[in-house]
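Student: Contents of run36.txt (compact mmCIF, C-alpha atoms and all ligand atoms) are below:
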# COMPACT_ATOMS: atom_id res chain seq x y z
CA MET A 1 1.97 -29.11 -7.79
CA ARG A 2 1.70 -26.46 -5.08
CA PRO A 3 2.29 -22.84 -6.24
CA ARG A 4 5.78 -21.60 -5.35
CA ILE A 5 5.48 -18.38 -3.35
CA ALA A 6 8.10 -15.76 -2.44
CA ILE A 7 7.93 -12.71 -0.21
CA PHE A 8 10.41 -9.87 -0.77
CA SER A 9 11.07 -6.47 0.79
CA LEU A 10 12.40 -3.23 -0.65
CA THR A 11 12.78 0.05 1.29
CA SER A 12 10.17 -0.09 4.06
CA CYS A 13 9.57 -1.16 7.64
CA GLU A 14 8.75 -4.64 6.23
CA GLY A 15 5.55 -4.54 8.27
CA CYS A 16 3.50 -5.95 5.43
CA SER A 17 5.62 -9.07 5.02
CA LEU A 18 5.68 -9.45 8.81
CA ALA A 19 1.87 -9.24 8.74
CA ILE A 20 1.95 -12.52 6.80
CA LEU A 21 3.80 -14.20 9.67
CA GLU A 22 1.19 -12.79 12.06
CA LEU A 23 -1.58 -14.73 10.31
CA GLU A 24 -0.74 -17.65 12.64
CA ASP A 25 -3.58 -20.25 12.35
CA GLN A 26 -4.49 -19.22 8.81
CA LEU A 27 -0.82 -19.35 7.82
CA LEU A 28 -0.70 -23.07 8.60
CA SER A 29 -3.54 -23.81 6.19
CA ILE A 30 -1.84 -21.61 3.54
CA LEU A 31 1.39 -23.55 4.02
CA ASP A 32 -0.47 -26.76 3.23
CA ALA A 33 -1.58 -25.34 -0.10
CA VAL A 34 1.54 -23.46 -1.26
CA GLU A 35 5.29 -23.85 -1.10
CA ILE A 36 7.16 -20.84 0.27
CA VAL A 37 10.50 -20.82 -1.53
CA ASN A 38 12.00 -17.41 -0.70
CA PHE A 39 11.18 -15.29 2.38
CA ARG A 40 14.03 -13.53 4.16
CA GLU A 41 11.90 -12.83 7.27
CA GLY A 42 10.95 -16.48 7.71
CA MET A 43 13.55 -18.85 6.21
CA THR A 44 17.17 -19.18 5.11
CA GLU A 45 16.75 -21.26 1.92
CA ARG A 46 16.38 -19.37 -1.38
CA SER A 47 14.92 -20.36 -4.74
CA TRP A 48 14.34 -18.09 -7.74
CA ASP A 49 11.80 -20.28 -9.55
CA ILE A 50 8.66 -18.49 -8.35
CA ASP A 51 4.97 -18.56 -9.32
CA ILE A 52 3.76 -15.65 -7.17
CA GLY A 53 6.09 -13.06 -5.66
CA PHE A 54 4.76 -10.64 -3.03
CA VAL A 55 6.79 -7.46 -2.52
CA ASP A 56 6.53 -4.81 0.18
CA GLY A 57 8.48 -1.57 0.17
CA ALA A 58 9.05 1.23 -2.31
CA VAL A 59 11.68 1.64 -4.98
CA SER A 60 13.78 4.22 -3.17
CA THR A 61 17.40 3.39 -4.02
CA PRO A 62 19.31 2.19 -7.11
CA GLU A 63 19.61 -1.21 -5.37
CA ASP A 64 15.79 -1.38 -4.97
CA LYS A 65 15.46 -0.86 -8.74
CA ARG A 66 17.91 -3.68 -9.52
CA GLU A 67 16.18 -5.97 -7.03
CA VAL A 68 12.63 -5.38 -8.24
CA GLU A 69 13.72 -5.93 -11.84
CA HIS A 70 15.22 -9.25 -10.73
CA PHE A 71 12.01 -10.19 -8.83
CA ARG A 72 10.02 -9.43 -11.97
CA GLU A 73 12.20 -11.74 -14.05
CA CYS A 74 11.86 -14.58 -11.54
CA CYS A 75 8.12 -14.37 -10.73
CA THR A 76 5.29 -15.39 -13.02
CA LYS A 77 3.00 -13.05 -11.07
CA LEU A 78 4.21 -10.07 -9.07
CA VAL A 79 2.00 -8.65 -6.32
CA ALA A 80 2.71 -5.32 -4.58
CA ILE A 81 1.70 -5.46 -0.90
CA GLY A 82 1.21 -2.36 1.23
CA ALA A 83 1.17 1.37 0.64
CA CYS A 84 4.95 1.56 0.12
CA ALA A 85 4.86 -0.93 -2.75
CA CYS A 86 1.55 0.27 -4.23
CA LEU A 87 1.91 4.05 -3.82
CA GLY A 88 5.46 4.74 -2.69
CA GLY A 89 4.00 5.19 0.81
CA LEU A 90 5.72 7.07 3.63
CA ASN A 91 8.97 6.92 1.69
CA THR A 92 7.64 9.52 -0.76
CA LEU A 93 7.74 12.18 1.95
CA LYS A 94 11.41 12.58 1.10
CA ASN A 95 10.47 13.53 -2.47
CA TYR A 96 9.37 16.91 -1.10
CA GLN A 97 12.54 17.62 0.83
CA ASP A 98 16.02 18.71 -0.09
CA GLU A 99 18.00 15.54 -0.85
CA ASP A 100 21.35 16.77 0.50
CA GLU A 101 19.67 17.91 3.70
CA TYR A 102 17.78 14.73 4.52
CA ARG A 103 20.69 12.47 3.61
CA ALA A 104 23.04 14.46 5.84
CA TYR A 105 20.42 14.34 8.62
CA VAL A 106 20.06 10.53 8.38
CA TYR A 107 23.58 9.42 7.46
CA GLY A 108 25.81 12.32 8.52
CA ASP A 109 29.33 12.08 7.04
CA CYS A 110 28.56 8.64 5.56
CA ALA A 111 25.80 9.91 3.23
CA LYS A 112 27.94 9.31 0.13
CA TYR A 113 27.85 5.55 0.85
CA PHE A 114 24.03 5.46 0.73
CA PRO A 115 22.76 6.47 -2.72
CA THR A 116 19.07 7.31 -2.93
CA THR A 117 16.45 8.10 -5.59
CA PRO A 118 12.98 9.68 -5.37
CA ALA A 119 10.68 7.02 -3.86
CA GLN A 120 8.31 5.35 -6.32
CA PRO A 121 5.72 2.58 -6.27
CA ILE A 122 6.86 -0.70 -7.81
CA SER A 123 4.53 -0.20 -10.77
CA ALA A 124 6.59 2.84 -11.82
CA VAL A 125 9.53 0.51 -12.52
CA VAL A 126 8.15 -2.92 -13.52
CA ASN A 127 4.82 -4.40 -14.52
CA VAL A 128 2.76 -5.37 -11.47
CA ASP A 129 -0.02 -7.97 -11.73
CA HIS A 130 -1.93 -7.13 -8.55
CA GLU A 131 -1.85 -4.64 -5.69
CA LEU A 132 -2.94 -5.15 -2.07
CA PRO A 133 -2.72 -1.63 -0.59
CA GLY A 134 -2.79 -0.27 2.97
CA CYS A 135 -0.32 0.56 5.71
CA PRO A 136 -0.05 -2.20 6.60
CA MET A 137 -1.89 -4.25 3.97
CA VAL A 138 -5.17 -5.74 5.18
CA LYS A 139 -4.31 -9.31 6.23
CA GLU A 140 -7.78 -10.59 5.35
CA GLU A 141 -7.31 -9.23 1.82
CA PHE A 142 -4.03 -11.12 1.52
CA LEU A 143 -5.74 -14.35 2.63
CA LYS A 144 -8.58 -13.77 0.20
CA PHE A 145 -6.12 -13.05 -2.61
CA VAL A 146 -4.23 -16.31 -1.95
CA THR A 147 -7.48 -18.30 -1.67
CA PHE A 148 -8.72 -16.87 -4.97
CA ALA A 149 -5.35 -17.49 -6.66
CA LEU A 150 -5.41 -21.14 -5.56
CA ALA A 151 -8.94 -21.48 -6.97
CA GLY A 152 -7.94 -19.80 -10.25
CA ARG A 153 -10.20 -16.83 -9.53
CA THR A 154 -9.31 -13.15 -9.95
CA PHE A 155 -9.33 -11.09 -6.78
CA LYS A 156 -10.67 -7.54 -7.08
CA LEU A 157 -10.15 -4.73 -4.62
CA PRO A 158 -13.21 -2.91 -3.27
CA GLU A 159 -14.07 0.16 -5.32
CA ASP A 160 -16.17 2.08 -2.79
CA PRO A 161 -14.51 4.79 -0.70
CA VAL A 162 -13.73 4.38 3.01
CA CYS A 163 -16.84 6.49 3.81
CA VAL A 164 -19.15 3.61 2.84
CA GLU A 165 -17.73 1.35 5.57
CA CYS A 166 -17.51 4.28 7.98
CA LYS A 167 -21.17 5.20 7.57
CA LYS A 168 -22.21 1.54 7.97
CA LYS A 169 -20.50 1.63 11.38
CA GLY A 170 -22.51 4.73 12.36
CA ILE A 171 -19.42 6.87 13.05
CA LEU A 172 -19.92 10.63 13.36
CA CYS A 173 -18.30 12.11 10.27
CA LEU A 174 -15.14 14.11 10.98
CA TYR A 175 -16.27 16.79 8.52
CA GLU A 176 -19.02 17.57 11.08
CA LYS A 177 -16.14 18.64 13.35
CA GLY A 178 -14.45 20.65 10.59
CA ILE A 179 -11.68 18.03 10.08
CA ILE A 180 -10.60 17.17 6.54
CA CYS A 181 -10.67 13.38 6.26
CA LEU A 182 -9.48 11.56 3.12
CA GLY A 183 -12.17 8.87 3.46
CA PRO A 184 -14.32 10.20 0.57
CA ILE A 185 -11.47 9.89 -1.92
CA THR A 186 -9.74 6.75 -0.56
CA ARG A 187 -10.34 3.14 -1.57
CA GLY A 188 -12.22 1.24 1.15
CA GLY A 189 -11.54 -2.27 2.44
CA CYS A 190 -9.92 -1.38 5.79
CA ASN A 191 -13.28 -1.27 7.62
CA ALA A 192 -12.70 2.46 8.23
CA ILE A 193 -10.25 1.61 10.98
CA CYS A 194 -8.86 5.14 11.50
CA PRO A 195 -12.20 6.99 11.83
CA SER A 196 -13.33 4.13 14.10
CA TYR A 197 -10.69 5.38 16.55
CA GLY A 198 -11.43 9.07 15.95
CA ALA A 199 -8.53 9.65 13.53
CA LYS A 200 -8.89 11.01 10.02
CA CYS A 201 -8.25 8.73 7.05
CA GLU A 202 -4.82 9.52 5.58
CA GLY A 203 -5.39 7.69 2.31
CA CYS A 204 -3.10 4.67 2.79
CA ARG A 205 -5.16 2.53 0.38
CA GLY A 206 -4.83 4.92 -2.52
CA ILE A 207 -7.27 7.11 -4.39
CA VAL A 208 -10.61 5.85 -5.70
CA ALA A 209 -11.32 5.71 -9.44
CA GLU A 210 -12.03 8.95 -11.28
CA ASP A 211 -15.84 8.55 -11.27
CA ALA A 212 -15.93 8.05 -7.51
CA LEU A 213 -13.53 10.95 -7.08
CA LYS A 214 -15.81 13.27 -9.02
CA ALA A 215 -18.84 12.07 -7.02
CA ALA A 216 -16.91 12.72 -3.81
CA GLY A 217 -16.20 16.26 -5.00
CA VAL A 218 -19.92 16.93 -5.53
CA ASN A 219 -20.86 15.48 -2.11
CA LEU A 220 -18.17 17.40 -0.29
CA ARG A 221 -19.27 20.65 -1.88
CA GLU A 222 -22.99 20.04 -1.24
CA GLN A 223 -22.76 18.65 2.30
CA TYR A 224 -19.82 20.48 3.81
CA ASP A 225 -18.98 23.31 1.39
CA VAL A 226 -15.50 21.80 1.03
CA ASP A 227 -13.56 21.99 -2.23
CA LEU A 228 -12.20 18.68 -3.60
CA ALA A 229 -8.91 20.45 -4.38
CA ASP A 230 -8.45 21.19 -0.65
CA VAL A 231 -8.95 17.51 0.16
CA LEU A 232 -6.57 16.38 -2.59
CA ALA A 233 -3.99 18.85 -1.31
CA ASP A 234 -3.95 16.81 1.90
CA VAL A 235 -2.92 13.60 0.08
CA ARG A 236 0.66 13.59 1.19
CA MET A 237 1.42 11.01 3.87
CA PHE A 238 0.97 7.80 1.86
CA GLY A 239 0.08 8.88 -1.65
CA ALA A 240 2.58 11.60 -2.34
CA TYR A 241 3.78 9.99 -5.54
CA GLN A 242 0.26 9.29 -6.75
CA GLU A 243 -0.70 12.85 -5.93
CA LYS A 244 1.26 14.01 -8.98
CA THR A 245 -0.83 11.86 -11.31
CA LEU A 246 -4.32 12.83 -10.08
CA PRO A 247 -6.73 14.23 -12.71
S1 LIG B 301 2.97 -0.11 3.89
FE1 LIG B 301 3.33 0.48 6.03
S2 LIG B 301 3.50 -1.45 7.16
FE2 LIG B 301 3.76 -1.93 4.95
S3 LIG B 301 5.96 -1.87 4.62
FE3 LIG B 301 5.18 0.19 4.16
S4 LIG B 301 5.39 1.36 6.08
FE4 LIG B 301 5.58 -0.82 6.59
S1 LIG B 302 -15.21 11.57 5.68
FE1 LIG B 302 -14.04 10.28 7.10
S2 LIG B 302 -15.19 10.36 9.02
FE2 LIG B 302 -16.56 11.09 7.39
S3 LIG B 302 -17.71 9.29 6.71
FE3 LIG B 302 -15.92 9.46 5.40
S4 LIG B 302 -14.36 8.19 6.36
FE4 LIG B 302 -15.92 8.56 7.89
S1 LIG B 303 -8.98 4.69 7.24
FE1 LIG B 303 -7.70 5.49 5.58
S2 LIG B 303 -5.64 5.70 6.45
FE2 LIG B 303 -6.84 4.39 7.84
S3 LIG B 303 -6.38 2.29 7.18
FE3 LIG B 303 -8.24 2.93 6.08
S4 LIG B 303 -7.49 3.78 4.13
FE4 LIG B 303 -5.75 3.67 5.53
Go ahead and render the structure in this file as structure tokens.
Ligand code: SF4
Ligand code: SF4
Ligand code: SF4

Tutor:
Amino acid sequence: MRPRIAIFSLTSCEGCSLAILELEDQLLSILDAVEIVNFREGMTERSWDIDIGFVDGAVSTPEDKREVEHFRECCTKLVAIGACACLGGLNTLKNYQDEDEYRAYVYGDCAKYFPTTPAQPISAVVNVDHELPGCPMVKEEFLKFVTFALAGRTFKLPEDPVCVECKKKGILCLYEKGIICLGPITRGGCNAICPSYGAKCEGCRGIVAEDALKAAGVNLREQYDVDLADVLADVRMFGAYQEKTLP
């Protein structure tokens, strides 16, 4: 029997679930191998008997919490896709602002009708089986994950930092220009897309494991006389929630 797949969205731009629709040719071969049973962006039918549920978006409202708890009950495996679901993502920027102020700014006099909570990754609320990070998630990683799942293999995220892919591409390091880039402390797998276009890495794939983080601290100090604490202080745009749990 083909695995029954669902794709859900919580608070987010839903760009990660839309990225699945953008797979085009590859999507057709996936559709041969799985049965999509619940996907608001792509179909009207709904089933709650689900083998693998993919979720984008952060838990950012009381309704998000109720929904993700329901997804967890209905899915044998739950997979967080994208920075919002894995880290809290851009939504966590509100965690550093005055709640009354930002709600009044967004909703005006209707703010009382839109309850909110500090934004959190899905894993802060329910058990998550796998995470496919990034803003948006890397489509090739999603394909690889599905291929591995169909073959009964366990997919593992890359453990090297973004710098490894960046250096392989021969890009001039932004630290040479005095710019703090989060590449040394961020999980690779995006092919260093931001530095490839001259932009600093903002850490959308989350922080590397503690060993790699310590090694990054030594390298940054030796090569550029930069303190790891100054780099970690810049982890705000996508990893604001995770920032609080760093060693
Ligand atoms: S991770 Fe980025 S692309 Fe994906 S849902 Fe969040 S904001 Fe949108
Ligand atoms: S610090 Fe940034 S620019 Fe420098 S190698 Fe790492 S990812 Fe590339
Ligand atoms: S370079 Fe950094 S911010 Fe850009 S996609 Fe990769 S991990 Fe995300």

Student: Which of these residues is nearest to ligand LIG 301 (chain B), using all atoms listed in the file: A:Gly42, A:Cys135, A:Glu202, A:Val55?

Tutor: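 Of all the options, A:Cys135 lies closest to ligand LIG 301 (chain B).
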
Student: Taking into account all atoms listed in the file, which residue in the set A:Asn38, A:Ser29, A:Asn91, A:Thr117 is nearest to ligand LIG 301 (chain B)?

Tutor: A:Asn91

Student: For A:Ala85, work out the shell of residues within 12 Å, counting all atoms listed in the file and skipping chain neighbours fewer than 5 positions away, then give it as an MDAnalysis selection string.

Tutor: chainID A and resid 8:17 54:60 64 68 78:80 90:92 119:126 128 130:137 204:206 238:239 241:242

Student: Which is closest to A:Cys86 among A:Glu159, A:Glu99, A:Asp129, A:Glu67, if we use all atoms listed in the file?

Tutor: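 Counting all atoms listed in the file, the residue closest to A:Cys86 is A:Asp129.
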
Student: Give as a PyMOL selection string the residues surrounding ligand LIG 302 (chain B) up to a distance of 7 Å, considering only C-alpha atoms and all ligand atoms.

Tutor: chain A and resi 162-163+166-167+171-175+181-184+192+195+200-201

Student: Quote the spacing between atom CA of A:Glu45 and atom CA of A:Val138 in Å to one decimal place.

Tutor: 27.1 Å

Student: For atom CA of A:Arg4 and atom S3 of ligand LIG 301 (chain B), quote the distance in Å rounded to one decimal.

Tutor: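 The value is 22.1 Å.
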
Student: Find the distance between atom CA of A:Phe114 and atom CA of A:Leu93 and write it in Å to one decimal.

Tutor: 17.7 Å

Student: Using all atoms listed in the file for the distances, tell me which of A:Tyr197, A:Trp48, A:Phe155, A:Tyr96 is nearest to ligand LIG 303 (chain B).

Tutor: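 Smallest separation from ligand LIG 303 (chain B) among the options: A:Tyr197.
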
Student: Go ahead and fit an axis-aligned box to every listed atom of stretch 213-232 of chain A plus 3 Å each side, and pass me the centre and edge lengths in Å, one decimal, as JSON.

Tutor:
{"center_x": -14.8, "center_y": 17.1, "center_z": -2.6, "size_x": 22.4, "size_y": 18.4, "size_z": 18.8}

Student: Pick the closest to ligand LIG 301 (chain B) from A:Lys156, A:Lys139, A:Arg221, A:His70: which is it, counting only C-alpha atoms and all ligand atoms?

Tutor: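 When distances to ligand LIG 301 (chain B) are compared using only C-alpha atoms and all ligand atoms, the smallest one comes from A:Lys139.
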
Student: Nearest to ligand LIG 301 (chain B): which of A:Tyr107, A:Gly89, A:Phe39, A:Thr44 is it, counting only C-alpha atoms and all ligand atoms?

Tutor: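 The closest residue to ligand LIG 301 (chain B) is A:Gly89.
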
Student: Do you know which residues are at most 12 Å from A:Met43 counting only C-alpha atoms, after dropping those on the same chain fewer than 3 positions away, and could you put them as a list in words?

Tutor: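 So the residues in contact are Ala6, Ile7, Phe8, Leu21, Ile36, Val37, Asn38, Phe39, Arg40, Arg46 and Ser47 of chain A.
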
Student: Limit the output to C-alpha atoms and give stretch 30-99 of chain A as a tab-separated table (two decimals), in the first residue's frame.

Tutor:
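Saved file out_5.tsv follows:
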chain	number	residue	atom	x	y	z
A	30	ILE	CA	6.31	11.11	-5.98
A	31	LEU	CA	2.57	10.96	-6.64
A	32	ASP	CA	3.02	7.53	-8.19
A	33	ALA	CA	4.65	6.26	-5.02
A	34	VAL	CA	2.54	7.94	-2.30
A	35	GLU	CA	-1.06	8.91	-1.73
A	36	ILE	CA	-1.61	12.54	-0.73
A	37	VAL	CA	-4.65	12.52	1.54
A	38	ASN	CA	-4.69	16.00	3.08
A	39	PHE	CA	-3.15	19.15	1.56
A	40	ARG	CA	-5.09	22.40	1.77
A	41	GLU	CA	-2.90	24.11	-0.87
A	42	GLY	CA	-3.47	21.37	-3.43
A	43	MET	CA	-6.77	19.52	-2.88
A	44	THR	CA	-10.22	19.75	-1.28
A	45	GLU	CA	-10.61	16.18	0.06
A	46	ARG	CA	-9.47	15.50	3.64
A	47	SER	CA	-8.48	12.32	5.45
A	48	TRP	CA	-7.02	12.04	8.95
A	49	ASP	CA	-5.52	8.56	8.59
A	50	ILE	CA	-1.94	9.62	7.84
A	51	ASP	CA	1.43	7.85	7.68
A	52	ILE	CA	3.66	10.91	7.23
A	53	GLY	CA	2.53	14.46	7.98
A	54	PHE	CA	4.67	17.40	6.85
A	55	VAL	CA	4.05	20.69	8.66
A	56	ASP	CA	5.30	24.18	7.86
A	57	GLY	CA	4.79	27.19	10.10
A	58	ALA	CA	5.40	27.97	13.75
A	59	VAL	CA	3.18	27.50	16.77
A	60	SER	CA	2.25	31.14	17.22
A	61	THR	CA	-1.40	31.15	18.34
A	62	PRO	CA	-3.58	29.01	20.64
A	63	GLU	CA	-5.22	27.61	17.47
A	64	ASP	CA	-1.78	26.54	16.13
A	65	LYS	CA	-1.23	24.58	19.36
A	66	ARG	CA	-4.58	22.79	19.06
A	67	GLU	CA	-3.93	22.04	15.39
A	68	VAL	CA	-0.42	20.65	15.82
A	69	GLU	CA	-1.59	18.44	18.68
A	70	HIS	CA	-4.29	17.10	16.36
A	71	PHE	CA	-1.73	16.54	13.54
A	72	ARG	CA	0.44	14.61	15.99
A	73	GLU	CA	-2.45	12.34	16.94
A	74	CYS	CA	-3.29	11.62	13.30
A	75	CYS	CA	0.21	11.10	11.85
A	76	THR	CA	2.44	8.10	12.44
A	77	LYS	CA	5.44	10.29	11.58
A	78	LEU	CA	5.48	14.06	11.89
A	79	VAL	CA	8.04	16.07	9.90
A	80	ALA	CA	8.67	19.79	10.48
A	81	ILE	CA	9.50	21.56	7.20
A	82	GLY	CA	11.14	24.97	7.04
A	83	ALA	CA	12.66	27.38	9.53
A	84	CYS	CA	9.27	28.38	10.97
A	85	ALA	CA	8.40	24.80	11.91
A	86	CYS	CA	11.94	23.79	12.94
A	87	LEU	CA	13.09	26.95	14.75
A	88	GLY	CA	10.09	29.24	15.08
A	89	GLY	CA	11.56	31.20	12.15
A	90	LEU	CA	10.69	34.80	11.32
A	91	ASN	CA	7.66	34.54	13.60
A	92	THR	CA	9.95	34.60	16.66
A	93	LEU	CA	10.88	38.22	15.94
A	94	LYS	CA	7.66	39.15	17.74
A	95	ASN	CA	8.96	37.44	20.89
A	96	TYR	CA	11.28	40.43	21.35
A	97	GLN	CA	8.62	43.08	20.95
A	98	ASP	CA	5.87	44.42	23.14
A	99	GLU	CA	2.81	42.23	22.52
